[in-house]
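Q: Starting off with a structure, shown below.
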Amino acid sequence: MRIPLSWLGELVELPKDDTADWLHSTLVRVGFEEEAVHGGELRGPIVVGRVLEIVEEPQKNGKTIRWVQVDVGEANGGVRGIVCGALNFVEGDRVVVTLPGAALPGGFEIAARKTYGHVSDGMIASERELGLGDDHDGIMRLDQLGIPGEVGEDALAILGLDDQAVEINVTPDRGYALSLRGIAREVASATGQPFRDPAAIETATATGFPVALLDDAPIRGRDGCSRFVARVVRGIDPSRPTPAWMASRLRLAGIRSISLPVDITNAVMLELGQPIHGYDLGKLRGGITVRRAAPGERLTTLDGVDRSLSTEDLLITDDRGAIGLAGVMGGAETEMDASTTDVLIEAATFDPVTIGRTARRHKLFSEASKRYERGVDPAVAAAAAARVAQLLVELAGGALDELGADVGDVPAMAPIRIPVGFWSDYTGADYTVEEARDALERIGARVAESADAWIVTPPTWRRDLVDREGLVEEVARIVGFDRIPSVLPVAPPGRGYTRPQRLRRRVADALASNGLTEVLVAPFVTEQQALLTGAEPVRLENPLDGERPWLRTALLPGMLDTAHRNLGRGLTDLALFELGHVFLSIEGQGTDTLPSAASRPTDDELAELDRLPLQPDHAAVLLVGERVRKQPGTAAVRFGIADAVEAAERIARTLGLELELRQSERPWLHPGRTAELLLGETIVGVAGELLPAVAAAADLPRVVAVAELDLSLLIDRARISLDTQRIASVPAATQDLSVVVPVDVPAGDVRRAVRDGAGALLEHIALVDDYRGTASGSGGLGEGEKSLTFALRFRAPDRTLTAAEASEAKLAGLAVATERHGARLRE
């Protein structure tokens, strides 16, 4: 919202110096966010001048310039000579003259300069050069525009060019602040200055114009239009120019000046917050009916677009059909134009939900719809129509007609009960009863006091106030948020992180400390991504992105997009992980109907809504590029399946678990480079390398190592204490074990056998070498044999192990491996 300072100053007193900064700080104090300051680009001297003489001088290039003598009212009676190329002014005209030392928008400095054989001592300005409009074809002729001002008088003040506008951000719940009326009331509340309400004007009754409010399909039980006020002004002169002060204020407020009747409706909208629409009365056919659109109905709006309407759209219609999208944009057939003399003024109250949906459905966002969807004061409609009529009479020469209408009423505001002192109990600040009452009355509320509780009725422009907590926020805002103490509340005992939450964080910390980067990926995927892992996906009924209407059944498909995005920005070596929900379909999920919002859903309705998909936590890892970069004397090492398996095992170890590996197949993973991850006989995940075709489809390198585990299941089975871990006080005994087994025996099975046989003293086991025999029998291995070397770490909790004890445990493990897989000790 842009707030012209001179306009605001008519409603509440402002300081004379540093007004923009002061206003920003004042509004920030009552909860608004400052954005920018507009205006102030022009610098004088810029004055009113009178053209005394014009000498036209043809040039060799075919162009004719004019050597103009202009009286600018200087004390010495001097006349300025100015070279000008415009041809639309004559001797005797009053014009705007920018003298040397002045500055125009864009930093254009005015100086005396020699041109076309003359020293041009300034410039005669057009509207565009002054930033008043887009007209660059001719000089501003003040007499023709009806702009007052004596020769030599400051033109900046006359044209309103010495004004500034402060811009603030208005949140959706505070629609009343999208008006000078609302902002002035906020300033008055914050400073204690008196407030002049621009809506406090006489509103005579007008009748006779037929208006009907029909809504056969209200949304959420609310009618589309609750009030419709109409007034008629006849005999306006549409050719009259918009006064400079009004055009300047509209420009500062961010609205382009169009014509006097349209500018008046926009000015009243900015002043009172009530959107206004004007119809050419001569183009209307019969009375006005407000209704929903019929199936197949169409409307050509003011922007010239022929629109297909929805049955939810609220329309303004006459006897011929639709003539406007209510609260959004009028129709072309009844538009006010250069021939309009009789005007019907509309000031209505429309349902915010209806207008918001219509604006988004047609992608048609206007100043009117922005205000309607945030809520317009229903009590101001009559005053707004009367104000427009008043300005049309004063500025456009019209005459107010008794014809009009006022249909509907102002919905009553629901009173709110608030216990005395609740404002201090809720915020922790010590607000007195007098401060609370004064704050509520400043925002326009009516307070009925009693000993233990107050009944507070919010004003009609504050429909966001529906409970006592909202009233407390108003008290805190008006009295000052700085009164609220900066004290952190003490958390009740037993309400810290749950065990699953702490374990989840421990997994994230373990992966991050190992050099992986956490990513957060949106859970919405394409159909191809949803079906990649083979699980049945869940489709959203109302997706945010029409191209991604499915919920992910695994984390990896979304991570492929993340990897592609990073690779496209030059990050070729990636080690990523994500912890997040996946969504698994269940029988009977979802619901076909939604309960009404008018009342609390019943238990059966809530049970119907509770049929949601399963949402377990998963952990996924994606590795691509080089794990070790090429260096002098060191070859590059690329990520592969071993790194994905290691990451998966790290997750399990963090939770006190040991994973088993089993070779497997997945249609989206490379055959022969895929491993199922098991806890006992339960499959908890998969690790491997992407199928090259899948990697190519995602525009990724050929080798992409991935792993994904069911984190919820791992956490349920976690065997780790969350207490502080005791550091072992005795040293470990380390030994290596090399065994020879047939090549078709999985290394994981051998490792499991060794671990089972070694017993409780074995603290850690890792495969460190896999050597295959050759046909020639080199290396002591026969054809079809392989040598597996395991690094073993033994430790006893109460003593230092001897070498004999460690060797005994190692050989016990070898015995089990021999029994199960025919392993023998490598010589």
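Numbering starts fresh at 1 for the residues of each chain in the structure tokens, the chains themselves are lettered A, B, ... in the order given, and ligands are numbered from 1 as they appear.
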Which residues are close to Asp710 (chain A), i.e. within 12 Å by only C-alpha atoms, leaving aside same-chain residues fewer than 5 positions away? Reply as a list of chain:residue names.

A: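 Surrounding residues, per the criterion: A:Arg504, A:Thr553, A:Ala554, A:Leu555, A:Leu579, A:Gly580, A:His581, A:Val582, A:Gln615, A:Pro616, A:Asp617, A:His618, A:Ala619, A:Ala620, A:Ala648, A:Ile651, A:Ala652, A:Leu677, A:Leu678, A:Leu679, A:Thr682, A:Ile683, A:Val684, A:Gly685, A:Val686, A:Ile715, A:Asp716, A:Arg717.
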
Q: At a cut-off of 7 Å, using only C-alpha atoms, what residues contact Ile168 (chain A)? Leave out same-chain residues fewer than 5 positions from it and give the result as a PyMOL selection string.

A: chain A and resi 1-2+32-35

Q: At what distance in Å, to one decimal, does CA of Val268 (chain A) lie from CA of Gly321 (chain A)?

A: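 These atoms are spaced 28.0 Å apart.
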
Q: Could you pull out the helix (DSSP H, G or I) residues of region 565-733 of chain A, going by DSSP on the backbone, and write them as a ChimeraX atom specification?

A: /A:565-567,603-609,641-654,692-697,711-716

Q: Measuring atom to atom with only C-alpha atoms, identify which of A:Gly404, A:Gly375, A:Pro601, A:Gly92 is nearest to Thr171 (chain A).

A: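 Looking at the shortest contact to Thr171 (chain A), the residue is A:Gly375.
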
Q: Neighbouring residues of Ala512 (chain A) were defined as those with any atom within 12 Å, considering only C-alpha atoms; residues of the same chain fewer than 4 positions away were excluded. Please report them as a list in words.

A: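 Close residues of Ala512 (chain A): Arg505, Arg506, Val507, Ala508, Leu516, Thr517, Glu518, Val519, Ala575, Leu576, Phe577, Glu578, Leu579, Val621, Ala647, Arg650 and Ile651 of chain A.
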